[in-house]
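Asker: Sharing structure.pdb here; it has PDB, C-alpha atoms.
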ATOM      1  CA  MET A   1     -14.175  -4.781 -17.195  1.00  0.00           C
ATOM      2  CA  ALA A   2     -13.305  -8.263 -18.333  1.00  0.00           C
ATOM      3  CA  THR A   3     -14.482 -11.220 -16.290  1.00  0.00           C
ATOM      4  CA  THR A   4     -13.640 -14.891 -16.453  1.00  0.00           C
ATOM      5  CA  THR A   5     -16.164 -17.651 -17.020  1.00  0.00           C
ATOM      6  CA  LYS A   6     -14.435 -20.026 -14.580  1.00  0.00           C
ATOM      7  CA  ARG A   7     -15.654 -19.862 -11.004  1.00  0.00           C
ATOM      8  CA  PHE A   8     -12.815 -19.471  -8.512  1.00  0.00           C
ATOM      9  CA  THR A   9     -12.733 -20.572  -4.923  1.00  0.00           C
ATOM     10  CA  LEU A  10     -11.069 -18.178  -2.519  1.00  0.00           C
ATOM     11  CA  ALA A  11      -8.013 -20.457  -2.336  1.00  0.00           C
ATOM     12  CA  GLU A  12      -7.723 -20.515  -6.152  1.00  0.00           C
ATOM     13  CA  TYR A  13      -8.026 -16.734  -6.278  1.00  0.00           C
ATOM     14  CA  LEU A  14      -5.377 -16.224  -3.596  1.00  0.00           C
ATOM     15  CA  ALA A  15      -2.995 -18.483  -5.570  1.00  0.00           C
ATOM     16  CA  TYR A  16      -3.884 -16.948  -8.966  1.00  0.00           C
ATOM     17  CA  ASN A  17      -1.129 -15.313 -11.015  1.00  0.00           C
ATOM     18  CA  ASP A  18      -1.631 -14.614 -14.712  1.00  0.00           C
ATOM     19  CA  GLY A  19       1.930 -13.381 -15.136  1.00  0.00           C
ATOM     20  CA  THR A  20       0.859  -9.798 -15.816  1.00  0.00           C
ATOM     21  CA  ASP A  21       0.492  -6.672 -13.701  1.00  0.00           C
ATOM     22  CA  LYS A  22      -3.302  -6.639 -14.112  1.00  0.00           C
ATOM     23  CA  HIS A  23      -5.362  -6.108 -10.971  1.00  0.00           C
ATOM     24  CA  HIS A  24      -8.408  -8.225 -10.177  1.00  0.00           C
ATOM     25  CA  GLU A  25     -11.214  -8.473  -7.661  1.00  0.00           C
ATOM     26  CA  LEU A  26     -13.017 -11.703  -6.955  1.00  0.00           C
ATOM     27  CA  VAL A  27     -16.766 -11.110  -7.213  1.00  0.00           C
ATOM     28  CA  ASN A  28     -19.108 -14.005  -6.498  1.00  0.00           C
ATOM     29  CA  GLY A  29     -16.443 -16.455  -7.607  1.00  0.00           C
ATOM     30  CA  GLU A  30     -15.673 -14.615 -10.853  1.00  0.00           C
ATOM     31  CA  LEU A  31     -12.309 -13.030 -11.495  1.00  0.00           C
ATOM     32  CA  VAL A  32     -13.002  -9.431 -12.554  1.00  0.00           C
ATOM     33  CA  GLU A  33     -10.200  -7.417 -14.119  1.00  0.00           C
ATOM     34  CA  MET A  34     -10.121  -3.951 -12.607  1.00  0.00           C
ATOM     35  CA  PRO A  35      -9.181  -1.057 -14.890  1.00  0.00           C
ATOM     36  CA  PRO A  36      -6.534   1.417 -13.764  1.00  0.00           C
ATOM     37  CA  GLU A  37      -7.876   3.682 -11.049  1.00  0.00           C
ATOM     38  CA  TRP A  38      -9.357   7.003 -12.112  1.00  0.00           C
ATOM     39  CA  ASP A  39      -6.737   9.597 -11.101  1.00  0.00           C
ATOM     40  CA  PHE A  40      -9.417  11.705  -9.371  1.00  0.00           C
ATOM     41  CA  ASN A  41     -10.109   8.748  -7.045  1.00  0.00           C
ATOM     42  CA  SER A  42      -6.419   8.240  -6.325  1.00  0.00           C
ATOM     43  CA  GLN A  43      -5.983  11.898  -5.386  1.00  0.00           C
ATOM     44  CA  ILE A  44      -8.928  11.746  -2.975  1.00  0.00           C
ATOM     45  CA  ALA A  45      -7.636   8.513  -1.400  1.00  0.00           C
ATOM     46  CA  SER A  46      -4.167  10.081  -1.005  1.00  0.00           C
ATOM     47  CA  TYR A  47      -5.681  13.182   0.590  1.00  0.00           C
ATOM     48  CA  LEU A  48      -7.654  11.051   3.037  1.00  0.00           C
ATOM     49  CA  PHE A  49      -4.513   9.063   3.840  1.00  0.00           C
ATOM     50  CA  ALA A  50      -2.778  12.315   4.784  1.00  0.00           C
ATOM     51  CA  ALA A  51      -5.805  13.472   6.810  1.00  0.00           C
ATOM     52  CA  PHE A  52      -5.944  10.214   8.772  1.00  0.00           C
ATOM     53  CA  LEU A  53      -2.216  10.538   9.555  1.00  0.00           C
ATOM     54  CA  LYS A  54      -3.193  13.414  11.836  1.00  0.00           C
ATOM     55  CA  VAL A  55      -5.275  11.126  14.076  1.00  0.00           C
ATOM     56  CA  ILE A  56      -3.814   7.618  13.661  1.00  0.00           C
ATOM     57  CA  SER A  57      -0.469   5.960  12.951  1.00  0.00           C
ATOM     58  CA  SER A  58       0.360   5.219   9.313  1.00  0.00           C
ATOM     59  CA  ARG A  59       0.787   1.528  10.127  1.00  0.00           C
ATOM     60  CA  PHE A  60      -3.017   1.232  10.333  1.00  0.00           C
ATOM     61  CA  ILE A  61      -3.820   2.979   7.021  1.00  0.00           C
ATOM     62  CA  ARG A  62      -3.930   1.237   3.645  1.00  0.00           C
ATOM     63  CA  CYS A  63      -4.413   2.906   0.254  1.00  0.00           C
ATOM     64  CA  LYS A  64      -5.327   0.308  -2.380  1.00  0.00           C
ATOM     65  CA  GLY A  65      -3.434  -2.952  -2.539  1.00  0.00           C
ATOM     66  CA  THR A  66      -4.874  -4.487   0.632  1.00  0.00           C
ATOM     67  CA  GLU A  67      -7.998  -6.484  -0.027  1.00  0.00           C
ATOM     68  CA  ILE A  68     -10.763  -7.787   2.182  1.00  0.00           C
ATOM     69  CA  VAL A  69     -12.734 -10.983   1.757  1.00  0.00           C
ATOM     70  CA  VAL A  70     -16.437 -10.371   2.269  1.00  0.00           C
ATOM     71  CA  GLY A  71     -19.291 -12.833   2.614  1.00  0.00           C
ATOM     72  CA  GLY A  72     -21.586 -14.085  -0.075  1.00  0.00           C
ATOM     73  CA  VAL A  73     -22.731 -17.297  -1.716  1.00  0.00           C
ATOM     74  CA  GLN A  74     -19.582 -17.283  -3.833  1.00  0.00           C
ATOM     75  CA  ALA A  75     -16.222 -15.936  -2.705  1.00  0.00           C
ATOM     76  CA  THR A  76     -15.758 -12.159  -3.046  1.00  0.00           C
ATOM     77  CA  ALA A  77     -12.637 -10.097  -2.306  1.00  0.00           C
ATOM     78  CA  ARG A  78     -12.775  -6.310  -2.557  1.00  0.00           C
ATOM     79  CA  VAL A  79      -9.929  -3.785  -2.857  1.00  0.00           C
ATOM     80  CA  PRO A  80     -11.125  -0.545  -1.218  1.00  0.00           C
ATOM     81  CA  ASP A  81      -9.668   2.852  -2.069  1.00  0.00           C
ATOM     82  CA  LEU A  82      -8.673   3.318   1.571  1.00  0.00           C
ATOM     83  CA  MET A  83      -8.861   1.167   4.669  1.00  0.00           C
ATOM     84  CA  VAL A  84      -8.082   1.851   8.326  1.00  0.00           C
ATOM     85  CA  LEU A  85      -7.229  -1.275  10.280  1.00  0.00           C
ATOM     86  CA  THR A  86      -7.888  -2.056  13.909  1.00  0.00           C
ATOM     87  CA  GLU A  87      -4.991  -3.246  16.067  1.00  0.00           C
ATOM     88  CA  ALA A  88      -6.376  -6.807  15.865  1.00  0.00           C
ATOM     89  CA  ALA A  89      -6.689  -6.680  12.056  1.00  0.00           C
ATOM     90  CA  LEU A  90      -3.145  -5.321  11.753  1.00  0.00           C
ATOM     91  CA  LEU A  91      -1.743  -8.121  13.924  1.00  0.00           C
ATOM     92  CA  ALA A  92      -3.632 -10.754  11.938  1.00  0.00           C
ATOM     93  CA  LEU A  93      -2.521  -9.280   8.602  1.00  0.00           C
ATOM     94  CA  ARG A  94       1.104  -9.341   9.709  1.00  0.00           C
ATOM     95  CA  GLN A  95       0.845 -13.130  10.038  1.00  0.00           C
ATOM     96  CA  THR A  96       0.173 -13.518   6.304  1.00  0.00           C
ATOM     97  CA  LYS A  97       2.298 -13.246   3.176  1.00  0.00           C
ATOM     98  CA  ARG A  98      -0.409 -11.489   1.180  1.00  0.00           C
ATOM     99  CA  GLY A  99      -2.290  -8.261   1.929  1.00  0.00           C
ATOM    100  CA  THR A 100      -5.634 -10.019   2.249  1.00  0.00           C
ATOM    101  CA  ILE A 101      -7.956  -9.771   5.237  1.00  0.00           C
ATOM    102  CA  THR A 102      -9.716 -13.134   5.194  1.00  0.00           C
ATOM    103  CA  LEU A 103     -13.023 -14.067   6.829  1.00  0.00           C
ATOM    104  CA  ASP A 104     -11.282 -15.531   9.882  1.00  0.00           C
ATOM    105  CA  MET A 105      -9.518 -12.210  10.576  1.00  0.00           C
ATOM    106  CA  PRO A 106     -10.965  -9.174  12.366  1.00  0.00           C
ATOM    107  CA  PRO A 107     -12.477  -6.556  10.041  1.00  0.00           C
ATOM    108  CA  PRO A 108     -10.955  -3.111   9.552  1.00  0.00           C
ATOM    109  CA  ALA A 109     -12.393  -0.148  11.455  1.00  0.00           C
ATOM    110  CA  LEU A 110     -13.153   1.825   8.295  1.00  0.00           C
ATOM    111  CA  VAL A 111     -13.380   1.330   4.546  1.00  0.00           C
ATOM    112  CA  VAL A 112     -13.587   4.195   2.041  1.00  0.00           C
ATOM    113  CA  GLU A 113     -14.734   3.865  -1.569  1.00  0.00           C
ATOM    114  CA  VAL A 114     -14.569   6.736  -4.061  1.00  0.00           C
ATOM    115  CA  VAL A 115     -17.336   6.280  -6.635  1.00  0.00           C
ATOM    116  CA  SER A 116     -16.159   6.256 -10.248  1.00  0.00           C
ATOM    117  CA  PRO A 117     -18.509   7.544 -12.949  1.00  0.00           C
ATOM    118  CA  GLY A 118     -21.203   5.210 -14.290  1.00  0.00           C
ATOM    119  CA  LYS A 119     -24.226   3.292 -13.032  1.00  0.00           C
ATOM    120  CA  GLU A 120     -22.319   0.023 -12.635  1.00  0.00           C
ATOM    121  CA  ASN A 121     -19.818   1.725 -10.315  1.00  0.00           C
ATOM    122  CA  GLU A 122     -22.604   3.442  -8.340  1.00  0.00           C
ATOM    123  CA  ASP A 123     -24.442   0.144  -7.888  1.00  0.00           C
ATOM    124  CA  ARG A 124     -21.267  -1.589  -6.754  1.00  0.00           C
ATOM    125  CA  ASP A 125     -20.398   1.052  -4.115  1.00  0.00           C
ATOM    126  CA  TYR A 126     -23.902   2.029  -2.915  1.00  0.00           C
ATOM    127  CA  ARG A 127     -25.613  -1.352  -3.041  1.00  0.00           C
ATOM    128  CA  TYR A 128     -23.320  -4.372  -3.185  1.00  0.00           C
ATOM    129  CA  LYS A 129     -20.395  -3.182  -1.119  1.00  0.00           C
ATOM    130  CA  ARG A 130     -22.721  -1.592   1.399  1.00  0.00           C
ATOM    131  CA  SER A 131     -24.337  -4.940   2.197  1.00  0.00           C
ATOM    132  CA  GLU A 132     -21.032  -6.847   1.952  1.00  0.00           C
ATOM    133  CA  TYR A 133     -19.202  -4.505   4.330  1.00  0.00           C
ATOM    134  CA  ALA A 134     -22.099  -4.505   6.804  1.00  0.00           C
ATOM    135  CA  ALA A 135     -22.208  -8.305   6.785  1.00  0.00           C
ATOM    136  CA  ARG A 136     -18.436  -8.330   7.331  1.00  0.00           C
ATOM    137  CA  GLY A 137     -18.885  -6.182  10.455  1.00  0.00           C
ATOM    138  CA  ILE A 138     -16.948  -3.110   9.320  1.00  0.00           C
ATOM    139  CA  ALA A 139     -17.825  -0.372  11.816  1.00  0.00           C
ATOM    140  CA  GLU A 140     -17.750   2.492   9.335  1.00  0.00           C
ATOM    141  CA  TYR A 141     -18.006   2.754   5.539  1.00  0.00           C
ATOM    142  CA  TRP A 142     -17.560   6.018   3.656  1.00  0.00           C
ATOM    143  CA  ILE A 143     -18.824   6.523   0.115  1.00  0.00           C
ATOM    144  CA  VAL A 144     -17.136   9.547  -1.451  1.00  0.00           C
ATOM    145  CA  ASP A 145     -19.173  10.576  -4.498  1.00  0.00           C
ATOM    146  CA  PRO A 146     -17.687  13.367  -6.639  1.00  0.00           C
ATOM    147  CA  GLU A 147     -20.629  13.394  -9.100  1.00  0.00           C
ATOM    148  CA  ARG A 148     -23.199  13.887  -6.327  1.00  0.00           C
ATOM    149  CA  ALA A 149     -20.785  16.200  -4.472  1.00  0.00           C
ATOM    150  CA  GLN A 150     -21.279  14.333  -1.207  1.00  0.00           C
ATOM    151  CA  VAL A 151     -19.718  12.003   1.308  1.00  0.00           C
ATOM    152  CA  MET A 152     -21.965   9.382   2.875  1.00  0.00           C
ATOM    153  CA  VAL A 153     -20.768   8.094   6.233  1.00  0.00           C
ATOM    154  CA  LEU A 154     -22.343   4.755   7.105  1.00  0.00           C
ATOM    155  CA  THR A 155     -22.105   3.605  10.711  1.00  0.00           C
ATOM    156  CA  LEU A 156     -22.825  -0.008  11.652  1.00  0.00           C
ATOM    157  CA  VAL A 157     -25.645  -0.292  14.197  1.00  0.00           C
ATOM    158  CA  ASP A 158     -27.051  -3.725  15.065  1.00  0.00           C
ATOM    159  CA  GLY A 159     -25.741  -5.253  11.822  1.00  0.00           C
ATOM    160  CA  LEU A 160     -27.054  -2.560   9.460  1.00  0.00           C
ATOM    161  CA  TYR A 161     -25.615   0.736   8.303  1.00  0.00           C
ATOM    162  CA  GLU A 162     -27.193   4.002   9.376  1.00  0.00           C
ATOM    163  CA  GLU A 163     -26.299   6.775   6.963  1.00  0.00           C
ATOM    164  CA  ALA A 164     -25.422  10.427   7.261  1.00  0.00           C
ATOM    165  CA  VAL A 165     -24.887  12.493   4.116  1.00  0.00           C
ATOM    166  CA  PHE A 166     -22.525  15.465   4.098  1.00  0.00           C
ATOM    167  CA  ARG A 167     -22.225  18.180   1.421  1.00  0.00           C
ATOM    168  CA  GLY A 168     -20.382  21.460   0.885  1.00  0.00           C
ATOM    169  CA  ASP A 169     -18.790  22.780   4.045  1.00  0.00           C
ATOM    170  CA  ASP A 170     -20.424  20.159   6.279  1.00  0.00           C
ATOM    171  CA  ARG A 171     -17.888  18.716   8.712  1.00  0.00           C
ATOM    172  CA  LEU A 172     -17.724  14.939   8.322  1.00  0.00           C
ATOM    173  CA  VAL A 173     -18.834  13.262  11.520  1.00  0.00           C
ATOM    174  CA  SER A 174     -17.148   9.960  12.246  1.00  0.00           C
ATOM    175  CA  SER A 175     -17.995   8.072  15.411  1.00  0.00           C
ATOM    176  CA  THR A 176     -14.931   5.885  14.808  1.00  0.00           C
ATOM    177  CA  PHE A 177     -12.566   8.846  14.337  1.00  0.00           C
ATOM    178  CA  PRO A 178     -14.146  11.824  16.142  1.00  0.00           C
ATOM    179  CA  ALA A 179     -10.871  13.827  16.134  1.00  0.00           C
ATOM    180  CA  LEU A 180     -10.806  13.894  12.327  1.00  0.00           C
ATOM    181  CA  GLU A 181     -11.419  17.426  11.065  1.00  0.00           C
ATOM    182  CA  LEU A 182     -12.585  17.320   7.438  1.00  0.00           C
ATOM    183  CA  THR A 183     -15.299  18.919   5.366  1.00  0.00           C
ATOM    184  CA  THR A 184     -16.910  17.419   2.290  1.00  0.00           C
ATOM    185  CA  HIS A 185     -15.554  20.305   0.226  1.00  0.00           C
ATOM    186  CA  GLN A 186     -11.977  19.576   1.330  1.00  0.00           C
ATOM    187  CA  VAL A 187     -12.291  15.897   0.405  1.00  0.00           C
ATOM    188  CA  LEU A 188     -13.828  16.510  -3.004  1.00  0.00           C
ATOM    189  CA  GLN A 189     -11.504  19.396  -3.823  1.00  0.00           C
ATOM    190  CA  ALA A 190      -8.540  17.050  -3.308  1.00  0.00           C
ATOM    191  CA  GLY A 191      -9.462  15.277  -6.544  1.00  0.00           C
ATOM    192  CA  GLU A 192      -9.523  18.531  -8.497  1.00  0.00           C
ATOM    193  CA  THR A 193      -6.023  19.742  -7.657  1.00  0.00           C
TER     194      THR A 193
END
Represent the supplied structure as structure tokens.
Answerer:
Amino acid sequence: MATTTKRFTLAEYLAYNDGTDKHHELVNGELVEMPPEWDFNSQIASYLFAAFLKVISSRFIRCKGTEIVVGGVQATARVPDLMVLTEAALLALRQTKRGTITLDMPPPALVVEVVSPGKENEDRDYRYKRSEYAARGIAEYWIVDPERAQVMVLTLVDGLYEEAVFRGDDRLVSSTFPALELTTHQVLQAGET
């Protein structure tokens, strides 16, 4: 991934346009070019989108494209694989011209990241985003990891995430979406079809 040497403020990032169709995340003030999504990840995110449609209206669900500003010393904006908004976050987002949930807006109810291969990607999803999403007050964070054949469901309790790891035919337990009926196998198999 290419990064810039210039440090961006959040306002500069939100106004940034390099005239191409490249996608970027803002990480600690640095503009980081994001490579095209691994197709496996896209298939899993699409499958989860369809699964969530069974328990919540599509107007609350976002697959890529919608970003969230998270805390940190320097500005950081992440683009999760899937996000489920709260009613308050949806209303706030509708007041903007860009699909960005800023720090002054309510957080989403759930963020899902599908881990791409490689240590850098693992570190980003398991370490950095975990602390960023907790600090942002996101009630639930799922880490879907095809290489480890598991889904980790992190639930925010008193400002920190408590984790539950699901494998094989384990039914995913979500305190935010208890009506959701999914197994780890179903989620991971979605990327293989």
Asker: Which residues of range 51-91 of chain A come within 12 Å of range 142-159 of chain A, and what is each one's closest atom pair and distance in Å (one decimal), counting only C-alpha atoms, sorted by chain and residue number, as a tab-separated table?
Answerer:
residue	atom	partner	partner_atom	distance
A:Pro80	CA	A:Trp142	CA	10.4
A:Asp81	CA	A:Val144	CA	10.0
A:Leu82	CA	A:Trp142	CA	9.5
A:Met83	CA	A:Trp142	CA	10.0
A:Val84	CA	A:Trp142	CA	11.4
Asker: For Val79 in chain A, which residue out of A:Val111, A:Ala92, A:Leu180, A:Ala135 is the nearest one, using all atoms listed in the file?
Answerer: A:Val111
Asker: Residues picked by the PyMOL selection byres ((chain A and resi 68) around 9) here, as a list in words?
Answerer: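 Going through the file, the PyMOL selection byres ((chain A and resi 68) around 9) ends up selecting Thr66, Glu67, Val69, Val70, Thr76, Ala77, Arg78, Val79, Pro80, Gly99, Thr100, Ile101, Thr102, Leu103, Pro107 and Pro108 of chain A.
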Asker: Selection from above, C-alpha atoms, as a short mmCIF file (atom, residue, chain, number, x, y, z; two decimals), in the coordinates of the input, can you write it?
Answerer:
data_model
loop_
_atom_site.label_atom_id
_atom_site.label_comp_id
_atom_site.auth_asym_id
_atom_site.auth_seq_id
_atom_site.Cartn_x
_atom_site.Cartn_y
_atom_site.Cartn_z
CA THR A 66 -4.87 -4.49 0.63
CA GLU A 67 -8.00 -6.48 -0.03
CA VAL A 69 -12.73 -10.98 1.76
CA VAL A 70 -16.44 -10.37 2.27
CA THR A 76 -15.76 -12.16 -3.05
CA ALA A 77 -12.64 -10.10 -2.31
CA ARG A 78 -12.78 -6.31 -2.56
CA VAL A 79 -9.93 -3.78 -2.86
CA PRO A 80 -11.12 -0.55 -1.22
CA GLY A 99 -2.29 -8.26 1.93
CA THR A 100 -5.63 -10.02 2.25
CA ILE A 101 -7.96 -9.77 5.24
CA THR A 102 -9.72 -13.13 5.19
CA LEU A 103 -13.02 -14.07 6.83
CA PRO A 107 -12.48 -6.56 10.04
CA PRO A 108 -10.96 -3.11 9.55
#
Asker: At a cut-off of 10 Å, using only C-alpha atoms, what residues contact Thr176 in chain A? Leave out same-chain residues fewer than 6 positions from it and give the result as a list in words.
Answerer: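 Residues meeting the cut-off are Ala109, Leu110, Ala139, Glu140 and Thr155 of chain A.
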Asker: Which is closer to Leu90 in chain A than all the others in A:Pro117, A:Tyr47, A:Phe60, A:Gly137, using all atoms listed in the file?
Answerer: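 The shortest atom-to-atom distance to Leu90 in chain A comes from A:Phe60.
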Asker: Could the centre and edge lengths of an axis-aligned box, enclosing all atoms of range 153-160 of chain A in the file with 3 Å extra on each side, be given in Å to one decimal as JSON?
Answerer:
{"center_x": -23.9, "center_y": 1.4, "center_z": 10.6, "size_x": 12.3, "size_y": 19.3, "size_z": 14.8}
Asker: Enter the distance from CA of Leu160 in chain A to CA of His185 in chain A, in Å, rounded to one decimal.
Answerer: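 Rounded to one decimal, the two atoms are 27.2 Å apart.
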Asker: Can you work out the spacing between CA of Thr9 in chain A and CA of Arg98 in chain A in Å, to one decimal?
Answerer: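 Computing it gives 16.5 Å between the two atoms.
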Asker: Separation of CA of Phe8 in chain A and CA of Gly29 in chain A, in Å?
Answerer: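 Rounded to one decimal, the two atoms are 4.8 Å apart.
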Asker: Please write as a list of chain:residue names the full residue list that the PyMOL selection byres ((chain A and resi 168) around 9) yields on this file.
Answerer: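 Applying the PyMOL selection byres ((chain A and resi 168) around 9) to the structure shown produces A:Ala149, A:Gln150, A:Phe166, A:Arg167, A:Asp169, A:Asp170, A:Arg171, A:Thr183, A:Thr184, A:His185, A:Gln186.
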Asker: From the options A:Glu162, A:Glu87, A:Asp39, A:Glu181, which residue's atoms come nearest to Val115 in chain A, counting only C-alpha atoms?
Answerer: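 Checking each candidate against Val115 in chain A, we get A:Asp39 as the closest.
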Asker: Between A:Leu91, A:Tyr141, A:Tyr128, A:Phe52, which one has atoms that come closest to Leu182 in chain A, using only C-alpha atoms?
Answerer: A:Phe52
Asker: So, with all atoms listed in the file as the atoms that count, which of A:Ala75, A:Leu85, A:Val165, A:Val187 lies closest to Asn28 in chain A?
Answerer: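 With all atoms listed in the file as the atom set, the closest residue is A:Ala75.
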Asker: Here is a test: counting all atoms listed in the file, which residue of A:Glu132, A:Glu120, A:Glu163, A:Glu113 is nearest to Ser42 in chain A?
Answerer: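 Distance minimum relative to Ser42 in chain A lands on A:Glu113.
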